[in-house]
>>> print(open('run-v8.txt').read())   # compact mmCIF, C-alpha atoms
# COMPACT_ATOMS: atom_id res chain seq x y z
CA MET T 626 34.00 2.78 6.53
CA ALA T 627 31.13 4.75 7.95
CA VAL T 628 30.41 8.20 6.55
CA SER T 629 27.74 10.82 7.13
CA THR T 630 25.37 11.67 4.28
CA ARG T 631 23.02 14.01 6.11
CA SER T 632 24.04 17.08 4.08
CA LEU T 633 23.30 15.51 0.72
CA SER T 634 20.23 13.52 1.59
CA LEU T 635 17.06 14.33 -0.32
CA THR T 636 15.45 11.37 1.28
CA ARG T 637 15.62 12.40 4.96
CA PRO T 638 13.00 15.04 5.79
CA LYS T 639 14.44 17.99 7.73
CA ASP T 640 11.74 17.77 10.37
CA ALA T 641 10.24 14.31 10.18
CA ARG T 642 7.86 15.03 13.09
CA GLU T 643 6.00 17.58 10.95
CA LEU T 644 5.19 14.78 8.53
CA TYR T 645 3.39 12.61 11.12
CA ALA T 646 -0.02 14.01 10.34
CA SER T 647 0.52 14.89 6.69
CA ASN T 648 -0.23 12.61 3.76
CA ALA T 649 2.78 11.74 1.61
CA VAL T 650 2.28 12.71 -2.03
CA GLN T 651 4.84 10.28 -3.48
CA PRO T 652 2.61 7.16 -3.43
CA TYR T 653 -0.11 9.01 -5.35
CA VAL T 654 2.33 10.49 -7.87
CA GLY T 655 3.94 7.06 -8.33
CA LEU T 656 0.54 5.44 -8.90
CA ALA T 657 -0.34 8.17 -11.41
CA PHE T 658 2.85 7.43 -13.38
CA ALA T 659 2.16 3.68 -13.33
CA ALA T 660 -1.51 4.14 -14.33
CA THR T 661 -0.51 6.45 -17.22
CA GLY T 662 2.06 3.89 -18.39
CA LEU T 663 -0.53 1.11 -18.20
CA MET T 664 -3.16 3.09 -20.13
CA ALA T 665 -0.58 3.93 -22.82
CA LEU T 666 0.34 0.23 -23.04
CA VAL T 667 -3.32 -0.73 -23.59
CA VAL T 668 -3.58 1.81 -26.43
CA PHE T 669 -0.35 0.54 -28.01
CA PHE T 670 -1.57 -3.05 -27.64
CA ILE T 671 -4.73 -2.20 -29.60
CA ILE T 672 -2.67 -0.46 -32.33
CA SER T 673 -0.36 -3.50 -32.44
CA ALA T 674 -3.38 -5.76 -32.95
CA VAL T 675 -4.39 -3.62 -35.96
CA VAL T 676 -0.81 -3.84 -37.33
CA ALA T 677 -0.92 -7.63 -36.80
CA GLY T 678 -4.05 -7.67 -38.97
CA TRP T 679 -2.14 -5.91 -41.78
CA VAL T 680 0.68 -8.47 -41.41
CA SER T 681 -1.77 -11.37 -41.71
CA ASP T 682 -3.20 -9.85 -44.93
CA GLN T 683 0.22 -10.51 -46.55
CA ASP T 684 -0.32 -7.54 -48.85
CA PRO T 685 3.06 -6.34 -50.22
CA THR T 686 1.71 -2.80 -50.63
CA GLN T 687 1.19 -2.63 -46.84
CA LEU T 688 4.86 -3.47 -46.10
CA ALA T 689 6.03 0.15 -45.82
CA ARG T 690 3.04 0.99 -43.61
CA ILE T 691 3.78 -1.97 -41.31
CA THR T 692 7.47 -1.02 -41.02
CA THR T 693 6.51 2.59 -40.29
CA TYR T 694 4.13 1.61 -37.48
CA GLU T 695 6.49 -0.99 -36.00
CA SER T 696 9.32 1.57 -36.01
CA TRP T 697 7.57 3.85 -33.54
CA LEU T 698 5.39 1.34 -31.70
CA PHE T 699 8.33 -0.58 -30.21
CA PRO T 700 10.17 2.35 -28.55
CA VAL T 701 6.99 4.13 -27.48
CA SER T 702 5.53 0.99 -25.87
CA VAL T 703 8.77 0.26 -24.00
CA ALA T 704 8.80 3.92 -22.94
CA ALA T 705 5.36 3.30 -21.40
CA ILE T 706 6.89 0.47 -19.35
CA ALA T 707 9.65 2.91 -18.37
CA LEU T 708 6.92 5.26 -17.11
CA ALA T 709 5.73 2.49 -14.78
CA LYS T 710 9.33 2.07 -13.58
CA VAL T 711 9.52 5.79 -12.84
CA GLY T 712 6.36 5.23 -10.80
CA ILE T 713 8.13 2.50 -8.82
CA ALA T 714 11.05 4.87 -8.19
CA VAL T 715 8.76 7.66 -6.95
CA VAL T 716 6.95 5.27 -4.57
CA LEU T 717 10.31 3.99 -3.25
CA PHE T 718 11.43 7.60 -2.69
CA GLY T 719 8.30 8.04 -0.57
CA VAL T 720 9.12 4.82 1.30
CA VAL T 721 12.58 6.13 2.28
CA ARG T 722 11.10 9.40 3.56
CA ARG T 723 8.44 7.51 5.51
CA LEU T 724 11.16 5.31 7.02
CA TRP T 725 12.79 8.39 8.51
CA VAL T 726 9.41 9.53 9.88
CA ARG T 727 9.14 6.05 11.44
CA VAL T 728 12.63 6.40 12.97
CA GLU T 729 11.70 9.73 14.57
CA GLY T 730 8.42 8.28 15.79
CA ILE T 731 10.07 5.27 17.43
CA LYS T 732 12.84 7.42 18.93
CA GLU T 733 10.17 9.57 20.56
CA SER T 734 7.93 6.78 21.85
CA LEU T 735 10.31 3.91 22.63
CA PRO T 736 11.72 5.24 25.93
CA ALA T 737 8.16 5.57 27.35
CA LEU T 738 7.31 2.12 26.07
CA ILE T 739 10.40 0.61 27.71
CA GLN T 740 9.56 2.26 31.05
CA ARG T 741 6.05 0.84 30.87
CA GLY T 742 7.37 -2.60 29.84
CA SER T 743 9.88 -2.79 32.68
CA GLY T 744 7.24 -1.59 35.16
CA SER T 745 4.87 -4.46 34.44
CA MET L 1103 35.06 6.65 16.96
CA THR L 1104 32.69 3.94 18.20
CA MET L 1105 34.08 1.16 20.39
CA ALA L 1106 33.04 -2.26 19.13
CA LEU L 1107 31.94 -4.97 21.52
CA PRO L 1108 32.18 -8.66 20.51
CA SER L 1109 29.98 -9.56 17.54
CA ILE L 1110 27.22 -12.13 17.96
CA HIS L 1111 25.42 -14.51 15.64
CA THR L 1112 21.64 -14.34 15.25
CA LYS L 1113 19.16 -16.09 12.99
CA TYR L 1114 19.19 -12.92 10.86
CA GLY L 1115 22.99 -12.99 10.41
CA ASP L 1116 26.09 -11.79 12.23
CA VAL L 1117 25.53 -8.68 14.34
CA THR L 1118 28.07 -6.12 15.57
CA VAL L 1119 27.49 -4.50 18.95
CA THR L 1120 28.76 -0.97 19.55
CA ARG L 1121 28.29 1.72 22.19
CA ALA L 1122 27.22 4.36 19.66
CA GLY L 1123 25.17 4.08 16.47
CA GLY L 1124 26.97 3.67 13.17
CA ARG L 1125 26.48 5.76 10.10
CA GLN L 1126 25.79 4.65 6.55
CA THR L 1127 28.46 2.70 4.70
CA ILE L 1128 30.21 3.95 1.56
CA ILE L 1129 27.76 1.92 -0.56
CA HIS L 1130 24.79 3.73 1.00
CA THR L 1131 26.51 7.08 0.42
CA VAL L 1132 27.05 6.26 -3.26
CA ALA L 1133 23.41 5.15 -3.52
CA ASN L 1134 22.26 8.40 -1.90
CA TRP L 1135 24.18 10.36 -4.52
CA MET L 1136 23.38 8.23 -7.56
CA TRP L 1137 19.69 7.31 -7.51
CA LEU L 1138 18.44 10.61 -8.93
CA PRO L 1139 21.07 11.03 -11.71
CA MET L 1140 20.45 7.41 -12.77
CA ILE L 1141 16.70 7.95 -13.06
CA LEU L 1142 17.19 11.24 -14.94
CA MET L 1143 19.67 9.60 -17.35
CA GLY L 1144 17.18 6.75 -17.82
CA ILE L 1145 14.38 9.16 -18.70
CA MET L 1146 16.69 11.01 -21.14
CA ALA L 1147 17.84 7.79 -22.84
CA VAL L 1148 14.28 6.48 -23.22
CA GLY L 1149 13.18 9.89 -24.53
CA THR L 1150 16.04 9.82 -27.06
CA SER L 1151 14.98 6.36 -28.23
CA VAL L 1152 11.38 7.52 -28.70
CA GLY L 1153 12.71 10.39 -30.86
CA LEU L 1154 14.88 7.98 -32.85
CA GLY L 1155 11.90 5.62 -33.25
CA ILE L 1156 9.76 8.42 -34.69
CA ALA L 1157 12.63 9.39 -37.04
CA GLN L 1158 12.95 5.74 -38.06
CA ALA L 1159 9.20 5.60 -38.78
CA LYS L 1160 9.51 8.71 -41.00
CA VAL L 1161 12.45 7.17 -42.92
CA ALA L 1162 10.52 3.89 -43.31
CA SER L 1163 7.54 5.80 -44.68
CA ASP L 1164 9.79 7.65 -47.17
CA LEU L 1165 11.43 4.37 -48.17
CA GLY L 1166 7.99 3.00 -49.02
CA ASP L 1167 7.56 5.87 -51.49
CA GLN L 1168 10.97 5.56 -53.14
CA PHE L 1169 14.13 3.51 -52.50
CA ILE L 1170 17.20 5.69 -52.00
CA ALA L 1171 20.43 4.14 -50.68
CA VAL L 1172 20.96 6.88 -48.08
CA ARG L 1173 17.43 6.39 -46.71
CA GLN L 1174 17.95 2.63 -46.44
CA ALA L 1175 21.34 3.23 -44.75
CA ASN L 1176 19.75 5.64 -42.27
CA PHE L 1177 16.94 3.19 -41.54
CA GLU L 1178 19.42 0.35 -40.90
CA ALA L 1179 21.47 2.61 -38.61
CA LEU L 1180 18.46 3.95 -36.67
CA LYS L 1181 17.04 0.48 -35.91
CA PRO L 1182 19.84 -0.75 -33.59
CA LEU L 1183 20.42 2.74 -32.16
CA THR L 1184 16.75 3.01 -31.10
CA ALA L 1185 16.91 -0.38 -29.38
CA GLY L 1186 20.28 0.47 -27.81
CA PHE L 1187 19.09 3.74 -26.25
CA LEU L 1188 15.83 2.14 -25.19
CA PHE L 1189 17.44 -0.67 -23.23
CA LEU L 1190 20.20 1.57 -21.89
CA GLY L 1191 17.46 3.83 -20.52
CA GLU L 1192 15.66 0.85 -18.99
CA ALA L 1193 18.94 -0.24 -17.38
CA PHE L 1194 19.52 3.25 -15.93
CA LEU L 1195 15.98 3.28 -14.53
CA LEU L 1196 16.44 -0.15 -12.94
CA SER L 1197 19.81 0.97 -11.54
CA GLY L 1198 18.11 4.07 -10.09
CA ILE L 1199 15.51 1.80 -8.46
CA SER L 1200 18.36 -0.42 -7.14
CA PHE L 1201 20.12 2.62 -5.66
CA LEU L 1202 16.84 3.70 -4.03
CA LEU L 1203 16.57 0.23 -2.46
CA ALA L 1204 20.15 0.63 -1.19
CA THR L 1205 19.10 4.01 0.23
CA ILE L 1206 16.27 2.25 2.09
CA LEU L 1207 18.82 -0.21 3.53
CA GLY L 1208 21.01 2.75 4.55
CA ALA L 1209 18.08 4.47 6.26
CA LEU L 1210 17.25 1.25 8.13
CA ARG L 1211 20.86 0.87 9.28
CA TRP L 1212 21.37 4.50 10.31
CA GLY L 1213 17.87 4.95 11.74
CA GLY L 1214 18.08 1.65 13.63
CA GLY L 1215 21.30 2.85 15.27
CA GLU L 1216 19.71 6.21 16.20
CA VAL L 1217 16.70 4.50 17.80
CA GLN L 1218 18.89 2.18 19.93
CA GLU L 1219 21.13 5.10 20.90
CA SER L 1220 18.09 7.16 21.97
CA VAL L 1221 17.28 4.66 24.74
CA GLY L 1222 20.93 4.28 25.78
CA ALA L 1223 21.08 0.62 24.79
CA PRO L 1224 24.05 -1.09 23.08
CA VAL L 1225 23.66 -0.58 19.34
CA LYS L 1226 23.24 -3.86 17.46
CA THR L 1227 23.76 -3.64 13.70
CA LEU L 1228 23.60 -6.44 11.14
CA LYS L 1229 26.85 -7.00 9.26
CA MET L 1230 26.45 -6.62 5.51
CA PRO L 1231 24.82 -9.96 4.58
CA TRP L 1232 25.68 -12.13 1.57
CA SER L 1233 22.44 -11.09 -0.14
CA ALA L 1234 23.50 -7.42 -0.03
CA TRP L 1235 26.86 -8.28 -1.63
CA ALA L 1236 24.99 -10.32 -4.28
CA PHE L 1237 22.67 -7.33 -4.88
CA VAL L 1238 25.59 -4.93 -5.41
CA GLY L 1239 27.44 -7.42 -7.64
CA LEU L 1240 24.41 -8.18 -9.80
CA MET L 1241 23.51 -4.50 -10.17
CA MET L 1242 27.03 -3.57 -11.29
CA THR L 1243 27.23 -6.58 -13.64
CA GLY L 1244 23.85 -5.80 -15.19
CA LEU L 1245 24.72 -2.17 -15.79
CA VAL L 1246 28.12 -3.01 -17.32
CA LEU L 1247 26.55 -5.68 -19.58
CA GLU L 1248 23.94 -3.17 -20.72
CA LEU L 1249 26.70 -0.63 -21.54
CA VAL L 1250 28.54 -3.33 -23.53
CA ALA L 1251 25.30 -4.16 -25.39
CA PHE L 1252 24.77 -0.45 -26.13
CA GLY L 1253 28.33 -0.10 -27.49
CA THR L 1254 27.84 -3.19 -29.65
CA LEU L 1255 24.52 -1.91 -31.01
CA ALA L 1256 26.21 1.41 -31.87
CA PHE L 1257 28.81 -0.64 -33.81
CA VAL L 1258 25.97 -2.57 -35.53
CA ALA L 1259 24.41 0.78 -36.49
CA ALA L 1260 27.70 1.96 -38.04
CA GLN L 1261 28.12 -1.32 -39.93
CA GLY L 1262 24.48 -1.28 -41.08
CA HIS L 1263 24.94 2.23 -42.43
CA ALA L 1264 28.19 1.25 -44.20
CA ALA L 1265 26.48 -1.80 -45.68
CA TRP L 1266 23.63 0.13 -47.33
CA ILE L 1267 25.16 3.50 -48.19
CA GLY L 1268 26.31 2.29 -51.64
CA ALA L 1269 23.29 0.05 -52.29
CA THR L 1270 21.85 -0.18 -55.79
CA GLY L 1271 18.54 -1.82 -54.85
CA VAL L 1272 16.47 -3.23 -51.99
CA THR L 1273 18.22 -6.60 -52.32
CA GLU L 1274 21.63 -5.21 -53.36
CA PRO L 1275 23.60 -3.84 -50.39
CA GLY L 1276 26.75 -1.88 -51.19
CA ASN L 1277 28.99 -3.72 -48.70
CA VAL L 1278 28.08 -7.36 -48.02
CA ALA L 1279 30.92 -7.84 -45.50
CA ALA L 1280 29.63 -4.95 -43.36
CA LEU L 1281 26.09 -6.36 -43.62
CA ASN L 1282 27.30 -9.75 -42.35
CA ARG L 1283 29.24 -8.10 -39.50
CA ALA L 1284 26.16 -6.10 -38.49
CA ALA L 1285 24.00 -9.25 -38.54
CA THR L 1286 26.54 -11.23 -36.50
CA TYR L 1287 27.00 -8.61 -33.78
CA ALA L 1288 23.25 -7.88 -33.63
CA ALA L 1289 22.60 -11.61 -33.16
CA TRP L 1290 24.31 -11.62 -29.74
CA ALA L 1291 23.90 -7.97 -28.73
CA ASN L 1292 20.09 -8.21 -28.72
CA PRO L 1293 19.93 -11.18 -26.31
CA LEU L 1294 22.72 -9.57 -24.25
CA ARG L 1295 20.63 -6.42 -23.61
CA GLU L 1296 17.72 -8.59 -22.42
CA ALA L 1297 20.03 -10.71 -20.24
CA ALA L 1298 21.48 -7.54 -18.67
CA LEU L 1299 17.98 -6.40 -17.67
CA GLY L 1300 17.42 -9.87 -16.18
CA VAL L 1301 20.60 -9.54 -14.11
CA LEU L 1302 19.51 -6.10 -12.85
CA LEU L 1303 16.06 -7.44 -11.89
CA THR L 1304 17.66 -10.37 -10.06
CA GLY L 1305 19.75 -7.86 -8.11
CA ILE L 1306 16.53 -6.06 -7.12
CA VAL L 1307 15.14 -9.37 -5.81
CA PHE L 1308 18.23 -9.77 -3.60
CA ALA L 1309 17.83 -6.18 -2.35
CA LEU L 1310 14.21 -6.84 -1.39
CA TYR L 1311 15.26 -10.06 0.36
CA THR L 1312 17.87 -8.08 2.32
CA ILE L 1313 15.30 -5.42 3.29
CA SER L 1314 12.95 -8.15 4.49
CA ASN L 1315 15.76 -9.68 6.61
CA VAL L 1316 16.74 -6.30 8.11
CA LEU L 1317 13.09 -5.48 8.97
CA GLY L 1318 12.84 -8.86 10.76
CA PHE L 1319 16.02 -8.13 12.72
CA GLN L 1320 14.83 -4.63 13.69
CA PHE L 1321 11.45 -5.90 14.90
CA SER L 1322 13.28 -8.50 17.00
CA ARG L 1323 15.60 -5.81 18.40
CA ILE L 1324 12.70 -3.52 19.37
CA ARG L 1325 11.06 -6.45 21.20
CA GLU L 1326 14.38 -7.02 22.99
CA LEU L 1327 14.51 -3.38 24.10
CA ILE L 1328 10.89 -3.26 25.31
CA LEU L 1329 10.81 -6.67 26.99
CA GLY L 1330 14.39 -6.42 28.29
CA ARG L 1331 15.46 -9.89 27.21
CA GLU L 1332 17.78 -11.20 24.47
CA GLU L 1333 16.15 -12.95 21.56
CA GLY L 1334 17.03 -14.09 18.08
CA ALA L 1335 20.51 -15.40 18.99
CA SER L 1336 21.27 -18.77 17.46
>>> encode(input="run-v8.txt", output="structure tokens")
Amino acid sequence: MAVSTRSLSLTRPKDARELYASNAVQPYVGLAFAATGLMALVVFFIISAVVAGWVSDQDPTQLARITTYESWLFPVSVAAIALAKVGIAVVLFGVVRRLWVRVEGIKESLPALIQRGSGS
Amino acid sequence: MTMALPSIHTKYGDVTVTRAGGRQTIIHTVANWMWLPMILMGIMAVGTSVGLGIAQAKVASDLGDQFIAVRQANFEALKPLTAGFLFLGEAFLLSGISFLLATILGALRWGGGEVQESVGAPVKTLKMPWSAWAFVGLMMTGLVLELVAFGTLAFVAAQGHAAWIGATGVTEPGNVAALNRAATYAAWANPLREAALGVLLTGIVFALYTISNVLGFQFSRIRELILGREEGAS
């Protein structure tokens, strides 16, 4: 069944032609999210290496400290990966909007191109 | 209503030919509605898990100072809950990405129809290929498996709490049966949550394959329109 989604679409720009000359912000925002996630992961990796050092010491007095660090390191590091995924989503959102700009561009130029093609 | 002409087979898949351009299918409409709520729910679930992780770290630190049964019970309950929310959030984010990919497919379908209509040519549209069905199936399966894993980890949290609430020492849980149940369910819920993410990622691979196929078909169709000759039919 085919249905119209024009009214609810966030992804289709209202006037795609206006976007021809403008730079899309989504790729940059997406990259910023991914870069932030990556930098956070590097920091958490370094902290994890320090915690690994405590584990290798096999000092029973460090056990509570190790558990404390591991408790927050795991969710926060996976949250950093989630930040990169949000970056992917933002870039894809930009891709959909650019696709609609492409559709408008081809709709505008294709008839002229066909006339030229059939004339040759 | 669009009048359908006979469908044809191309190297990109079966193609329907109509006089007017089609609109997005029900799957694309759902994707258009759902991608943003999924991503927002994902961010909320991951944020919740970070909060639970910090709480768990505080309880672990307190436990290091002095063993109290309630603290140990809270720690054992927070551990699976943190992991559950974390992976549920990841699954929501991947589902949001999957819905965005479906939105791209919808834009290609709808936009492709509009472009062909604009030059007055018959509108050729790819029928939903097997890879798109596989993408939808894998995405739904992955999300359902992740919800099952989350429910199981919530059960593990309840059992872990019940096991330690009446504890008399670090090695003396109050309810050994509950401890065993928690360990048993955690043993398969943890791999299940990872497997569910794997299923979702595989679905994304199928979506990207489908997008690649549709882009190939559209390029071929534009060449057909400009050069005025049929191509791609097998």
>>> interface_residues(input="run-v8.txt", of="chain L", to="chain T", cutoff="6 Å", atoms="only C-alpha atoms", output="JSON, numbers by chain")
{"L": [1125, 1126, 1127, 1152, 1155, 1156, 1158, 1159, 1162, 1163, 1166, 1199, 1206, 1213, 1217, 1221, 1328]}
>>> residues_around(input="run-v8.txt", residues="range 1144-1150 of chain L", least_positions_apart="2", cutoff="6 Å", atoms="all atoms listed in the file", output="MDAnalysis selection string")
chainID L and resid 1141:1142 1152:1153 1187:1188 1191 1194:1195
>>> write_last_selection(input="run-v8.txt", atoms="C-alpha atoms", output="mmCIF file, in the coordinates of the input")
data_model
loop_
_atom_site.group_PDB
_atom_site.id
_atom_site.type_symbol
_atom_site.label_atom_id
_atom_site.label_comp_id
_atom_site.auth_asym_id
_atom_site.auth_seq_id
_atom_site.Cartn_x
_atom_site.Cartn_y
_atom_site.Cartn_z
ATOM 1 C CA ILE L 1141 16.700 7.950 -13.060
ATOM 2 C CA LEU L 1142 17.190 11.240 -14.940
ATOM 3 C CA VAL L 1152 11.380 7.520 -28.700
ATOM 4 C CA GLY L 1153 12.710 10.390 -30.860
ATOM 5 C CA PHE L 1187 19.090 3.740 -26.250
ATOM 6 C CA LEU L 1188 15.830 2.140 -25.190
ATOM 7 C CA GLY L 1191 17.460 3.830 -20.520
ATOM 8 C CA PHE L 1194 19.520 3.250 -15.930
ATOM 9 C CA LEU L 1195 15.980 3.280 -14.530
#
>>> atom_distance(input="run-v8.txt", atom1="CA of Gly1271 in chain L", atom2="CA of Pro1182 in chain L")
21.3 Å
>>> residues_around(input="run-v8.txt", residues="range 649-651 of chain T", least_positions_apart="3", cutoff="6 Å", atoms="all atoms listed in the file", output="MDAnalysis selection string")
chainID T and resid 654:655 715:716 719
>>> atom_distance(input="run-v8.txt", atom1="CA of Phe1237 in chain L", atom2="CA of Val1250 in chain L")
20.0 Å
>>> residues_around(input="run-v8.txt", residues="range 1276-1291 of chain L", least_positions_apart="5", cutoff="10 Å", atoms="all atoms listed in the file", output="ChimeraX atom specification")
/L:1171,1175,1178-1179,1182,1186,1247-1248,1250-1271,1296-1297
>>> atom_distance(input="run-v8.txt", atom1="CA of Val1225 in chain L", atom2="CA of Thr1118 in chain L")
8.0 Å
>>> closest_residue(input="run-v8.txt", among="T:Phe658, T:Gly712, T:Arg723, T:Ser681", to="Leu1196 in chain L", atoms="only C-alpha atoms")
T:Gly712
